[in-house]
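Source file: coords23.cif; contents: mmCIF, C-alpha atoms and all ligand atoms.
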data_start
#
loop_
_atom_site.label_atom_id
_atom_site.label_comp_id
_atom_site.auth_asym_id
_atom_site.auth_seq_id
_atom_site.Cartn_x
_atom_site.Cartn_y
_atom_site.Cartn_z
CA MET I 1 17.59 12.99 7.79
CA GLY I 2 15.77 11.09 10.49
CA ARG I 3 14.98 14.09 12.66
CA ILE I 4 13.62 12.21 15.65
CA ASP I 5 14.02 13.34 19.21
CA ALA I 6 12.26 10.72 21.27
CA LEU I 7 9.27 8.46 21.64
CA ARG I 8 6.16 9.86 23.30
CA CYS I 9 3.24 8.09 24.93
CA ARG I 10 0.02 8.64 22.99
CA GLU I 11 -1.95 8.51 26.24
CA CYS I 12 -0.07 10.36 28.98
CA GLY I 13 2.38 12.30 26.79
CA ARG I 14 5.52 11.28 28.74
CA THR I 15 8.64 10.95 26.59
CA HIS I 16 10.97 7.99 26.33
CA PRO I 17 14.37 7.65 24.59
CA ALA I 18 14.15 6.47 20.96
CA THR I 19 15.09 2.85 21.67
CA ALA I 20 13.37 -0.49 21.00
CA ALA I 21 10.26 0.07 23.12
CA HIS I 22 6.60 0.25 22.29
CA VAL I 23 4.69 0.80 25.55
CA CYS I 24 4.89 3.54 28.13
CA ASP I 25 6.54 2.44 31.41
CA PHE I 26 4.14 4.66 33.26
CA CYS I 27 0.67 3.96 31.81
CA PHE I 28 1.22 1.17 29.23
CA GLY I 29 -0.01 3.47 26.45
CA PRO I 30 1.51 3.00 22.97
CA LEU I 31 4.64 5.00 22.14
CA GLU I 32 4.95 7.15 19.05
CA VAL I 33 7.91 8.84 17.37
CA VAL I 34 8.37 12.57 18.00
CA TYR I 35 9.73 14.80 15.23
CA ASP I 36 11.09 18.30 15.38
CA TYR I 37 8.68 19.65 12.75
CA PRO I 38 10.18 23.14 12.53
CA ALA I 39 13.58 21.53 11.82
CA VAL I 40 12.02 19.26 9.18
CA ALA I 41 10.15 22.20 7.62
CA ALA I 42 13.42 24.10 7.37
CA VAL I 43 15.01 21.49 5.09
CA MET I 44 12.22 19.47 3.47
CA THR I 45 11.13 21.03 0.19
CA ARG I 46 9.25 19.67 -2.83
CA GLU I 47 12.49 19.92 -4.81
CA ARG I 48 14.43 17.97 -2.22
CA VAL I 49 11.81 15.21 -2.28
CA ALA I 50 11.78 15.13 -6.08
CA ALA I 51 15.58 14.77 -6.13
CA GLY I 52 15.43 11.83 -3.74
CA PRO I 53 15.29 8.11 -4.59
CA ALA I 54 12.24 6.60 -6.34
CA THR I 55 11.28 4.81 -3.10
CA ILE I 56 9.76 5.65 0.28
CA TRP I 57 13.20 7.00 1.25
CA ARG I 58 12.56 10.23 -0.69
CA TYR I 59 10.55 11.17 2.45
CA ALA I 60 13.35 10.28 4.89
CA ASP I 61 12.99 13.66 6.62
CA LEU I 62 9.66 12.44 8.01
CA LEU I 63 10.77 8.87 8.71
CA PRO I 64 12.30 7.66 11.98
CA ALA I 65 15.39 6.04 10.43
CA GLY I 66 17.61 6.08 7.39
CA ALA I 67 20.34 8.50 8.41
CA GLU I 68 22.68 5.90 6.93
CA ALA I 69 21.97 3.52 4.03
CA PRO I 70 18.46 2.12 4.49
CA VAL I 71 17.46 -1.53 4.15
CA ASP I 72 15.90 -0.97 0.76
CA LEU I 73 14.41 -3.34 -1.81
CA GLY I 74 12.69 -0.45 -3.57
CA ALA I 75 9.42 -0.19 -1.63
CA GLY I 76 7.12 2.68 -2.47
CA LEU I 77 6.49 5.24 -5.19
CA THR I 78 3.89 2.89 -6.59
CA PRO I 79 1.50 4.13 -9.32
CA LEU I 80 -1.49 6.33 -8.51
CA VAL I 81 -3.84 5.21 -11.25
CA ARG I 82 -6.72 7.39 -12.46
CA ALA I 83 -9.59 4.87 -12.46
CA ASP I 84 -12.28 6.29 -14.77
CA ARG I 85 -13.81 2.96 -15.75
CA LEU I 86 -14.16 1.88 -12.12
CA ALA I 87 -15.51 5.34 -11.22
CA ALA I 88 -18.18 5.03 -13.92
CA GLU I 89 -19.30 1.65 -12.52
CA LEU I 90 -19.57 3.08 -9.02
CA GLY I 91 -21.14 6.40 -9.98
CA LEU I 92 -18.11 8.37 -8.80
CA GLY I 93 -16.14 11.22 -10.35
CA GLU I 94 -12.39 11.73 -9.88
CA LEU I 95 -11.25 8.36 -8.54
CA TYR I 96 -7.72 6.99 -8.16
CA VAL I 97 -6.36 3.62 -7.14
CA LYS I 98 -3.09 3.62 -5.20
CA ASP I 99 -1.64 0.44 -6.68
CA ASP I 100 0.43 -0.96 -3.83
CA THR I 101 0.37 -4.42 -5.39
CA ARG I 102 3.52 -3.14 -7.09
CA ASN I 103 5.91 -3.39 -4.16
CA PRO I 104 8.96 -5.71 -3.99
CA THR I 105 7.10 -8.52 -2.21
CA GLY I 106 3.67 -7.54 -3.51
CA SER I 107 2.17 -5.63 -0.60
CA PHE I 108 2.30 -2.34 1.30
CA LYS I 109 4.12 -4.18 4.14
CA ASP I 110 7.39 -3.48 2.31
CA ARG I 111 7.00 0.16 3.33
CA VAL I 112 6.75 -0.53 7.05
CA VAL I 113 9.35 -3.30 7.05
CA SER I 114 11.94 -1.25 5.19
CA VAL I 115 11.61 1.41 7.89
CA ALA I 116 11.52 -1.11 10.77
CA LEU I 117 14.63 -3.02 9.71
CA THR I 118 16.53 0.14 8.91
CA ARG I 119 15.84 1.34 12.45
CA ALA I 120 16.53 -2.11 13.92
CA ARG I 121 19.93 -2.19 12.23
CA GLU I 122 20.69 1.31 13.52
CA LEU I 123 19.83 0.09 17.03
CA GLY I 124 22.27 -2.81 16.61
CA PHE I 125 19.89 -5.75 16.18
CA LYS I 126 21.09 -8.83 14.25
CA VAL I 127 17.82 -10.81 14.32
CA ALA I 128 14.47 -9.70 12.90
CA ALA I 129 11.19 -11.32 13.90
CA CYS I 130 7.46 -10.86 13.42
CA ALA I 131 3.96 -12.24 13.88
CA SER I 132 2.27 -12.21 10.52
CA THR I 133 -0.86 -13.02 8.53
CA GLY I 134 1.44 -13.58 5.53
CA ASN I 135 2.39 -10.37 3.80
CA LEU I 136 4.51 -9.20 6.71
CA ALA I 137 6.21 -12.62 6.72
CA ASN I 138 7.15 -12.25 3.05
CA SER I 139 8.46 -8.76 3.57
CA VAL I 140 10.43 -9.39 6.77
CA ALA I 141 12.02 -12.48 5.20
CA ALA I 142 13.02 -10.58 2.05
CA HIS I 143 14.28 -7.45 3.80
CA SER I 144 16.22 -9.53 6.36
CA ALA I 145 17.95 -11.31 3.51
CA ARG I 146 18.80 -7.93 2.01
CA ALA I 147 20.10 -6.65 5.36
CA GLY I 148 22.07 -9.80 6.14
CA MET I 149 19.98 -10.33 9.28
CA GLU I 150 18.61 -13.58 10.61
CA ALA I 151 14.79 -13.80 10.53
CA TYR I 152 12.22 -15.61 12.67
CA VAL I 153 8.75 -15.43 11.23
CA PHE I 154 5.63 -16.67 13.07
CA VAL I 155 2.42 -17.32 11.14
CA PRO I 156 -0.92 -19.09 11.69
CA SER I 157 -0.63 -22.64 10.32
CA ASP I 158 -3.72 -22.26 8.06
CA LEU I 159 -2.05 -19.56 5.96
CA GLU I 160 -2.31 -19.54 2.14
CA ARG I 161 0.31 -21.96 0.75
CA VAL I 162 1.87 -19.33 -1.51
CA LYS I 163 2.58 -17.07 1.43
CA ILE I 164 4.45 -19.91 3.15
CA GLN I 165 6.58 -20.65 0.08
CA THR I 166 7.29 -17.02 -0.70
CA THR I 167 8.58 -16.53 2.84
CA ALA I 168 10.62 -19.72 3.17
CA VAL I 169 12.47 -19.05 -0.08
CA PHE I 170 14.30 -16.11 1.53
CA GLY I 171 15.87 -18.40 4.10
CA ALA I 172 13.80 -17.20 7.06
CA LYS I 173 13.06 -19.53 9.95
CA LEU I 174 9.33 -19.93 9.47
CA VAL I 175 7.30 -21.13 12.46
CA ALA I 176 3.68 -22.18 11.76
CA VAL I 177 1.61 -21.79 14.94
CA GLU I 178 -1.56 -23.82 15.41
CA GLY I 179 -3.89 -20.94 16.17
CA SER I 180 -5.28 -17.67 14.86
CA TYR I 181 -3.26 -14.55 14.13
CA ASP I 182 -4.24 -13.21 17.53
CA ASP I 183 -2.74 -16.35 19.14
CA VAL I 184 0.45 -15.87 17.11
CA ASN I 185 0.58 -12.23 18.14
CA ARG I 186 0.16 -13.09 21.83
CA LEU I 187 2.97 -15.64 21.58
CA CYS I 188 5.23 -13.04 19.97
CA ALA I 189 4.43 -10.45 22.64
CA GLU I 190 5.56 -13.03 25.21
CA LEU I 191 8.63 -13.96 23.19
CA ALA I 192 9.63 -10.33 22.78
CA SER I 193 10.39 -10.11 26.49
CA GLU I 194 12.19 -13.49 26.44
CA ARG I 195 14.34 -12.50 23.43
CA PRO I 196 15.24 -8.84 24.00
CA ASP I 197 17.98 -9.11 21.35
CA TRP I 198 15.39 -9.75 18.60
CA ALA I 199 13.80 -6.91 16.67
CA PHE I 200 10.10 -7.82 16.53
CA VAL I 201 9.03 -5.42 13.81
CA ASN I 202 5.44 -5.20 15.05
CA VAL I 203 6.19 -5.41 18.78
CA ASN I 204 9.28 -3.67 20.20
CA ILE I 205 10.05 -1.88 16.89
CA ARG I 206 6.39 -0.99 16.25
CA PRO I 207 6.69 2.78 16.83
CA TYR I 208 9.19 2.96 13.93
CA TYR I 209 7.54 0.29 11.79
CA SER I 210 4.14 1.97 11.81
CA GLU I 211 5.58 5.27 10.60
CA GLY I 212 6.32 3.63 7.22
CA SER I 213 2.58 3.74 6.41
CA LYS I 214 2.70 7.54 6.31
CA THR I 215 4.43 7.24 2.93
CA LEU I 216 1.05 6.07 1.52
CA ALA I 217 -0.20 9.60 2.22
CA PHE I 218 3.01 11.40 1.20
CA GLU I 219 3.07 9.72 -2.21
CA VAL I 220 -0.57 10.39 -2.98
CA ALA I 221 -0.12 14.10 -2.20
CA GLU I 222 3.04 14.33 -4.31
CA GLN I 223 1.43 12.38 -7.17
CA LEU I 224 -1.55 14.77 -7.07
CA GLY I 225 0.85 17.66 -7.64
CA TRP I 226 1.30 18.38 -3.92
CA SER I 227 -2.36 18.64 -3.13
CA LEU I 228 -4.64 16.60 -0.89
CA PRO I 229 -7.41 14.22 -1.92
CA ASP I 230 -10.87 14.83 -0.45
CA HIS I 231 -11.55 11.28 0.69
CA VAL I 232 -9.47 8.11 1.02
CA VAL I 233 -10.58 4.53 1.64
CA VAL I 234 -8.10 2.41 3.61
CA PRO I 235 -8.26 -1.28 4.63
CA VAL I 236 -8.17 -1.92 8.37
CA GLY I 237 -6.33 -4.84 9.99
CA SER I 238 -4.60 -3.62 13.15
CA GLY I 239 -5.72 -0.11 12.22
CA SER I 240 -2.14 1.14 12.03
CA GLN I 241 -2.15 1.85 8.31
CA LEU I 242 -5.31 3.94 8.47
CA THR I 243 -4.12 5.86 11.51
CA LYS I 244 -0.80 6.68 9.86
CA VAL I 245 -2.28 7.64 6.50
CA HIS I 246 -4.38 10.18 8.41
CA LYS I 247 -1.29 11.37 10.30
CA GLY I 248 0.76 11.56 7.07
CA PHE I 249 -1.59 14.04 5.39
CA GLY I 250 -1.53 16.19 8.51
CA GLU I 251 2.28 16.18 8.66
CA LEU I 252 2.61 17.40 5.08
CA ALA I 253 0.60 20.47 6.00
CA GLU I 254 2.56 20.81 9.26
CA VAL I 255 5.89 21.10 7.37
CA GLY I 256 4.41 23.33 4.66
CA LEU I 257 4.51 20.92 1.69
CA VAL I 258 0.75 21.18 1.05
CA GLU I 259 -1.97 23.60 2.01
CA ARG I 260 -3.85 22.51 5.08
CA GLY I 261 -7.14 20.79 4.25
CA LEU I 262 -9.51 18.12 5.42
CA VAL I 263 -8.97 14.60 4.09
CA ARG I 264 -11.91 12.37 5.00
CA VAL I 265 -10.60 8.93 5.95
CA SER I 266 -12.86 5.91 5.62
CA GLY I 267 -12.06 2.35 6.65
CA ALA I 268 -12.73 -1.00 4.98
CA GLN I 269 -13.14 -4.30 6.84
CA ALA I 270 -14.33 -7.79 6.03
CA ALA I 271 -17.68 -8.62 7.68
CA GLY I 272 -16.04 -11.80 9.02
CA CYS I 273 -13.62 -9.66 11.04
CA ALA I 274 -15.09 -6.21 11.56
CA PRO I 275 -14.47 -5.03 15.13
CA VAL I 276 -13.77 -1.44 14.03
CA ALA I 277 -16.73 -1.28 11.62
CA THR I 278 -18.99 -2.61 14.37
CA ALA I 279 -17.81 -0.02 16.90
CA PHE I 280 -18.31 2.68 14.26
CA ALA I 281 -21.82 1.50 13.44
CA GLU I 282 -22.74 1.37 17.12
CA GLY I 283 -21.25 4.77 17.82
CA SER I 284 -19.15 3.08 20.49
CA ASP I 285 -15.64 3.90 21.70
CA LEU I 286 -15.05 0.31 22.59
CA VAL I 287 -13.51 -1.96 19.92
CA ARG I 288 -14.63 -5.40 21.07
CA PRO I 289 -12.37 -8.31 19.96
CA VAL I 290 -13.89 -10.88 17.56
CA LYS I 291 -12.90 -14.31 16.26
CA PRO I 292 -12.07 -13.81 12.55
CA SER I 293 -13.68 -15.83 9.79
CA THR I 294 -13.03 -14.36 6.35
CA ILE I 295 -11.10 -14.98 3.12
CA ALA I 296 -9.36 -11.62 3.72
CA LYS I 297 -6.67 -13.20 5.90
CA SER I 298 -4.14 -10.39 5.58
CA ILE I 299 -6.46 -8.11 7.56
CA ALA I 300 -8.08 -10.75 9.78
CA ILE I 301 -7.04 -9.25 13.10
CA GLY I 302 -9.72 -9.84 15.71
CA ASN I 303 -8.14 -7.65 18.37
CA PRO I 304 -6.72 -4.64 16.51
CA ALA I 305 -3.92 -2.85 18.39
CA ASP I 306 -4.73 0.52 16.81
CA GLY I 307 -8.47 -0.01 16.47
CA TRP I 308 -9.39 2.86 18.76
CA TYR I 309 -6.99 5.29 17.04
CA ALA I 310 -8.36 4.25 13.64
CA LEU I 311 -11.91 4.96 14.84
CA GLU I 312 -10.79 8.33 16.12
CA ALA I 313 -9.16 9.22 12.76
CA VAL I 314 -12.30 8.18 10.88
CA ARG I 315 -14.67 10.07 13.17
CA SER I 316 -12.60 13.23 13.43
CA SER I 317 -12.24 13.43 9.65
CA GLY I 318 -15.89 12.74 8.81
CA GLY I 319 -15.37 9.31 7.25
CA ALA I 320 -17.08 5.97 7.89
CA VAL I 321 -16.14 2.30 8.20
CA ALA I 322 -17.81 -0.28 5.94
CA ALA I 323 -17.82 -4.05 6.36
CA VAL I 324 -18.23 -6.32 3.33
CA THR I 325 -19.02 -10.01 2.90
CA ASP I 326 -16.69 -12.58 1.34
CA GLU I 327 -18.89 -12.58 -1.79
CA GLU I 328 -18.55 -8.81 -2.08
CA ILE I 329 -14.77 -9.14 -1.61
CA VAL I 330 -14.46 -11.55 -4.56
CA ALA I 331 -16.76 -9.31 -6.61
CA GLY I 332 -14.53 -6.34 -5.69
CA ILE I 333 -11.39 -8.16 -6.83
CA ARG I 334 -13.07 -9.02 -10.14
CA LEU I 335 -14.49 -5.54 -10.65
CA LEU I 336 -11.09 -3.88 -10.18
CA ALA I 337 -9.40 -6.42 -12.46
CA ARG I 338 -12.05 -6.10 -15.18
CA THR I 339 -12.23 -2.29 -15.16
CA GLU I 340 -8.65 -1.24 -14.47
CA GLY I 341 -6.35 -4.21 -15.14
CA ILE I 342 -5.17 -4.40 -11.53
CA PHE I 343 -5.23 -7.78 -9.79
CA ALA I 344 -5.57 -7.29 -6.05
CA GLU I 345 -5.54 -9.67 -3.14
CA THR I 346 -8.51 -10.11 -0.84
CA ALA I 347 -7.67 -6.98 1.20
CA GLY I 348 -7.83 -5.01 -2.06
CA GLY I 349 -11.20 -6.62 -2.74
CA VAL I 350 -12.28 -5.39 0.70
CA THR I 351 -11.27 -1.82 -0.19
CA ILE I 352 -13.07 -1.85 -3.55
CA ALA I 353 -16.20 -3.50 -2.14
CA ALA I 354 -16.24 -1.03 0.78
CA LEU I 355 -15.79 1.84 -1.69
CA ALA I 356 -18.78 0.52 -3.65
CA ARG I 357 -20.89 0.42 -0.49
CA LEU I 358 -19.81 3.86 0.67
CA ALA I 359 -20.51 5.27 -2.80
CA ALA I 360 -23.95 3.63 -2.90
CA SER I 361 -24.84 5.06 0.52
CA GLY I 362 -23.61 8.54 -0.39
CA VAL I 363 -20.76 8.66 2.14
CA VAL I 364 -18.21 8.81 -0.71
CA ARG I 365 -19.55 11.42 -3.14
CA PRO I 366 -19.14 11.95 -6.90
CA ASP I 367 -17.91 15.52 -6.31
CA GLU I 368 -14.99 14.30 -4.20
CA ARG I 369 -11.46 13.49 -5.32
CA VAL I 370 -11.18 9.93 -3.99
CA VAL I 371 -8.25 7.56 -3.49
CA ALA I 372 -8.73 3.83 -2.82
CA TYR I 373 -5.73 2.06 -1.30
CA VAL I 374 -5.21 -1.35 -2.92
CA THR I 375 -2.54 -2.83 -0.71
CA GLY I 376 -1.55 -6.28 -2.00
CA THR I 377 -1.27 -8.42 -5.11
CA GLY I 378 -3.84 -11.03 -6.13
CA LEU I 379 -1.13 -13.49 -7.10
CA LYS I 380 -0.78 -14.52 -3.43
CA THR I 381 -4.52 -15.20 -2.89
CA VAL I 382 -5.67 -16.78 -6.15
CA GLU I 383 -7.58 -19.48 -4.20
CA ALA I 384 -10.05 -16.80 -3.14
CA LEU I 385 -11.38 -16.66 -6.70
CA GLY I 386 -12.46 -20.31 -6.51
CA ASP I 387 -13.95 -21.72 -9.70
CA GLY I 388 -15.06 -18.28 -10.83
CA ALA I 389 -11.88 -17.66 -12.83
CA GLY I 390 -11.50 -20.55 -15.28
CA PRO I 391 -11.40 -20.87 -19.07
CA SER I 392 -14.33 -19.34 -20.99
CA ALA I 393 -14.46 -22.42 -23.23
CA VAL I 394 -12.72 -25.76 -23.59
CA ILE I 395 -12.59 -26.91 -27.21
CA ALA I 396 -11.21 -29.57 -29.56
CA PRO I 397 -8.15 -28.39 -31.54
CA ASN I 398 -9.99 -27.44 -34.75
CA LEU I 399 -11.44 -24.32 -36.34
CA GLY I 400 -15.06 -25.50 -36.28
CA ALA I 401 -14.92 -26.07 -32.55
CA PHE I 402 -13.58 -22.57 -32.00
CA VAL I 403 -16.23 -20.93 -34.20
CA ASP I 404 -18.96 -22.79 -32.28
CA ALA I 405 -17.46 -21.72 -28.96
CA GLU I 406 -17.13 -18.12 -30.14
CA ARG I 407 -20.84 -18.03 -31.06
CA ARG I 408 -21.78 -19.43 -27.64
CA LEU I 409 -19.61 -16.88 -25.83
CA GLU I 410 -21.11 -14.04 -27.84
CA GLU I 411 -24.62 -15.23 -27.00
CA GLU I 412 -23.70 -15.37 -23.30
CA GLY I 413 -22.18 -11.91 -23.54
CA HIS I 414 -25.43 -10.52 -24.95
CA ARG I 415 -27.62 -12.13 -22.37
C1 LIG E 501 -1.37 -5.78 6.86
C2 LIG E 501 -2.21 -5.40 5.71
C3 LIG E 501 -3.19 -4.40 5.80
C4 LIG E 501 -3.61 -3.72 7.08
O1 LIG E 501 -2.67 -3.04 7.76
P1 LIG E 501 -2.84 -2.64 9.32
O2 LIG E 501 -1.80 -1.63 9.51
O3 LIG E 501 -2.62 -3.90 10.10
O4 LIG E 501 -4.23 -2.12 9.50
C5 LIG E 501 -3.87 -4.05 4.64
N1 LIG E 501 -3.63 -4.66 3.46
C6 LIG E 501 -2.72 -5.62 3.34
C7 LIG E 501 -2.52 -6.26 2.01
C8 LIG E 501 -1.96 -6.03 4.45
O5 LIG E 501 -1.05 -7.00 4.30
ZN ZN E 502 1.94 6.85 29.16
#

Output the structure of this file as structure tokens.
Amino acid sequence: MGRIDALRCRECGRTHPATAAHVCDFCFGPLEVVYDYPAVAAVMTRERVAAGPATIWRYADLLPAGAEAPVDLGAGLTPLVRADRLAAELGLGELYVKDDTRNPTGSFKDRVVSVALTRARELGFKVAACASTGNLANSVAAHSARAGMEAYVFVPSDLERVKIQTTAVFGAKLVAVEGSYDDVNRLCAELASERPDWAFVNVNIRPYYSEGSKTLAFEVAEQLGWSLPDHVVVPVGSGSQLTKVHKGFGELAEVGLVERGLVRVSGAQAAGCAPVATAFAEGSDLVRPVKPSTIAKSIAIGNPADGWYALEAVRSSGGAVAAVTDEEIVAGIRLLARTEGIFAETAGGVTIAALARLAASGVVRPDERVVAYVTGTGLKTVEALGDGAGPSAVIAPNLGAFVDAERRLEEEGHR
């Protein structure tokens, strides 16, 4: 388990010991975990995975931690739902929704945090910390509680109220910063050098943390009977998730668990924070930072750390990046709820709305096997629905009033 040799710079290729470090001393490029793939291939079989736990830790051979007991609240192995009713609405064929609303704290962040804190504990850290747009805060607070670690969580002060409460309840020290996520992130980058004994999951532990997103690819392949989808649609905040989903499919082929094949990877952003979609549309290599303004706060990262790598994964695989308006996001949330019974947060609305756009423009095709990643629960962002989700009728407590209301509703339904 945990067959990692070192960290390697994604830019200059120099290696670095597998400690708490995220940038190359030499060129400041981002560091990435190095695996001994032949050694992994020698032990990792479909049977071994199937016999593992019903969590992300069934893929421990391709994760950078977990040689001992992981910090585990049960993240992962979420349902891959065949979405025929949604497919029919969008004019698609074989469509699946990866329902990552069903994680311990309601978002895919449980995958990355479980890996990050497991590694942090192995490296001897007692304090966990993060900069967060909310979901990461929830997850770091919960997993720290589980691990018996102290937690410092930094969030923008305008965060959804629920995300504040559902972090504070775990006993984390929650610091609301008057600024945007990018301000919070800058503060944490500074703090990380001032507090070298803290494990900042998305700063000094980032090379390990980001690997947790690969399990989104591993699970889909296993759930499709160890085969690859043709096209996936992934929400883009920092761009890490998309980059690692792309990497995850490649690794499965590398260690012989699936046949090698092309998975087209497309990205989904909110128009109010679309630096990667803009660069894609312009055919540019430069991801220019923006000031976010969107209801999709969990992915409102104006200066995405992995934006360039996400673009590269999209372009090299033949995908695209779509940007959708706040109205389309709400419509996407409602469409998914109404057709498939899955209530997603705003980032999920972004994925569904982007899928709708990509289907309408012919980028995602009806002859493809498609997976849409729905990465967080709607219960944390109910405000986004506004007045659009109220009672169908308000009536006096008698039968006549109901019968009248029923007739009205039927008339509306037929209009
Ligand atoms: C953080 C987050 C994302 C985006 O992940 P990145 O790795 O930052 O691109 C997507 N969906 C949800 C619900 C998130 O919380
Ligand atoms: Zn380097």

At a cut-off of 8 Å, can you tabulate as a Markdown table every residue of chain I near ligand LIG 501 (chain E) together with its closest atom pair and the distance in Å to one decimal, using all atoms listed in the file and ordering rows by chain then number?
| residue | atom | partner | partner_atom | distance |
| --- | --- | --- | --- | --- |
| I:Ser107 | CA | E:LIG501 | C7 | 5.4 |
| I:Phe108 | CA | E:LIG501 | C7 | 6.3 |
| I:Lys109 | CA | E:LIG501 | O5 | 5.9 |
| I:Thr133 | CA | E:LIG501 | O5 | 7.4 |
| I:Gly134 | CA | E:LIG501 | O5 | 7.1 |
| I:Asn135 | CA | E:LIG501 | O5 | 4.8 |
| I:Leu136 | CA | E:LIG501 | O5 | 6.4 |
| I:Ser210 | CA | E:LIG501 | O2 | 7.3 |
| I:Ser213 | CA | E:LIG501 | O2 | 7.6 |
| I:Val234 | CA | E:LIG501 | C5 | 7.8 |
| I:Pro235 | CA | E:LIG501 | C5 | 5.2 |
| I:Val236 | CA | E:LIG501 | O4 | 4.1 |
| I:Gly237 | CA | E:LIG501 | O4 | 3.5 |
| I:Ser238 | CA | E:LIG501 | O3 | 3.6 |
| I:Gly239 | CA | E:LIG501 | O4 | 3.7 |
| I:Ser240 | CA | E:LIG501 | O2 | 3.8 |
| I:Gln241 | CA | E:LIG501 | O2 | 3.7 |
| I:Leu242 | CA | E:LIG501 | O4 | 6.2 |
| I:Ser298 | CA | E:LIG501 | O5 | 4.8 |
| I:Ile299 | CA | E:LIG501 | C3 | 5.2 |
| I:Ile301 | CA | E:LIG501 | O3 | 7.6 |
| I:Pro304 | CA | E:LIG501 | O3 | 7.6 |
| I:Asp306 | CA | E:LIG501 | O4 | 7.8 |
| I:Glu345 | CA | E:LIG501 | C7 | 6.9 |
| I:Thr346 | CA | E:LIG501 | C7 | 7.7 |
| I:Ala347 | CA | E:LIG501 | N1 | 5.2 |
| I:Gly348 | CA | E:LIG501 | C7 | 6.8 |
| I:Val374 | CA | E:LIG501 | N1 | 7.4 |
| I:Thr375 | CA | E:LIG501 | C7 | 4.4 |
| I:Gly376 | CA | E:LIG501 | C7 | 4.1 |
| I:Thr377 | CA | E:LIG501 | C7 | 7.5 |

Nearby residues, ligand ZN 502 (chain E), 10 Å, all atoms listed in the file, as a PDB file with C-alpha atoms, in the frame of the given file:
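Produced file selection_10.pdb, reproduced below:
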ATOM      1  CA  ARG I   8       6.160   9.860  23.300  1.00  0.00           C
ATOM      2  CA  CYS I   9       3.240   8.090  24.930  1.00  0.00           C
ATOM      3  CA  ARG I  10       0.020   8.640  22.990  1.00  0.00           C
ATOM      4  CA  GLU I  11      -1.950   8.510  26.240  1.00  0.00           C
ATOM      5  CA  CYS I  12      -0.070  10.360  28.980  1.00  0.00           C
ATOM      6  CA  GLY I  13       2.380  12.300  26.790  1.00  0.00           C
ATOM      7  CA  ARG I  14       5.520  11.280  28.740  1.00  0.00           C
ATOM      8  CA  THR I  15       8.640  10.950  26.590  1.00  0.00           C
ATOM      9  CA  HIS I  16      10.970   7.990  26.330  1.00  0.00           C
ATOM     10  CA  VAL I  23       4.690   0.800  25.550  1.00  0.00           C
ATOM     11  CA  CYS I  24       4.890   3.540  28.130  1.00  0.00           C
ATOM     12  CA  ASP I  25       6.540   2.440  31.410  1.00  0.00           C
ATOM     13  CA  PHE I  26       4.140   4.660  33.260  1.00  0.00           C
ATOM     14  CA  CYS I  27       0.670   3.960  31.810  1.00  0.00           C
ATOM     15  CA  PHE I  28       1.220   1.170  29.230  1.00  0.00           C
ATOM     16  CA  GLY I  29      -0.010   3.470  26.450  1.00  0.00           C
ATOM     17  CA  PRO I  30       1.510   3.000  22.970  1.00  0.00           C
ATOM     18  CA  LEU I  31       4.640   5.000  22.140  1.00  0.00           C
TER      19      LEU I  31
END

(request) Can you work out the spacing between CA of Ala217 in chain I and CA of His246 in chain I in Å, to one decimal? (result)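 Rounded to one decimal, the two atoms are 7.5 Å apart.
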
Within 12 Å of range 310-317 of chain I, which residues of range 268-306 of chain I show up? Give each one with its shortest atom-to-atom distance in Å (one decimal) and the two atoms involved, counting only C-alpha atoms, rows by chain then rising residue number, as CSV.
residue,atom,partner,partner_atom,distance
I:Ala268,CA,I:Val314,CA,10.9
I:Gln269,CA,I:Ala310,CA,11.9
I:Pro275,CA,I:Leu311,CA,10.3
I:Val276,CA,I:Leu311,CA,6.7
I:Ala277,CA,I:Leu311,CA,8.5
I:Thr278,CA,I:Leu311,CA,10.4
I:Ala279,CA,I:Leu311,CA,8.0
I:Phe280,CA,I:Leu311,CA,6.8
I:Ala281,CA,I:Leu311,CA,10.6
I:Glu282,CA,I:Leu311,CA,11.6
I:Gly283,CA,I:Arg315,CA,9.6
I:Ser284,CA,I:Leu311,CA,9.4
I:Asp285,CA,I:Leu311,CA,7.9
I:Leu286,CA,I:Leu311,CA,9.6
I:Val287,CA,I:Leu311,CA,8.7
I:Pro304,CA,I:Ala310,CA,9.5
I:Ala305,CA,I:Ala310,CA,9.6
I:Asp306,CA,I:Ala310,CA,6.1

To test the calculation: enclose all listed atoms of range 380-386 of chain I in a box whose edges run along x, y and z, add 4 Å on each side, then state centre and edge lengths in Å to one decimal, as lines of an AutoDock Vina configuration file.
center_x = -6.6
center_y = -17.4
center_z = -4.8
size_x = 19.7
size_y = 13.8
size_z = 11.8

(request) Tell me, in Å to one decimal, how far CA of Val201 in chain I is from CA of Ala323 in chain I. (result) 27.9 Å

(message) My list of candidates is I:Gly318, I:Pro292, I:Gly302, I:Gly250. Which is closest to Val265 in chain I when distances are computed with only C-alpha atoms?
(response)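 The shortest atom-to-atom distance to Val265 in chain I comes from I:Gly318.
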
(request) Provide the CA of Leu90 in chain I to CA of Leu355 in chain I distance in Å, to one decimal place. (result)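 It comes out at 8.3 Å.
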
(request) Would you mind telling me which residue in I:Gly400, I:Pro391, I:Gly272, I:Pro53 lies nearest to Gly76 in chain I when using all atoms listed in the file? (result)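 Among the listed residues, the smallest separation from Gly76 in chain I belongs to I:Pro53.
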
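Minimum atom-to-atom distances from I:Ala176, I:Ala322, I:Leu80, I:Leu73 to Val140 in chain I were compared using all atoms listed in the file, and the lowest value belongs to I:Leu73.
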
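Among I:Gly212, I:Gly319, I:Trp226, I:Ile352, the residue with the shortest atom-to-atom distance to Leu336 in chain I, counting only C-alpha atoms, is I:Ile352.
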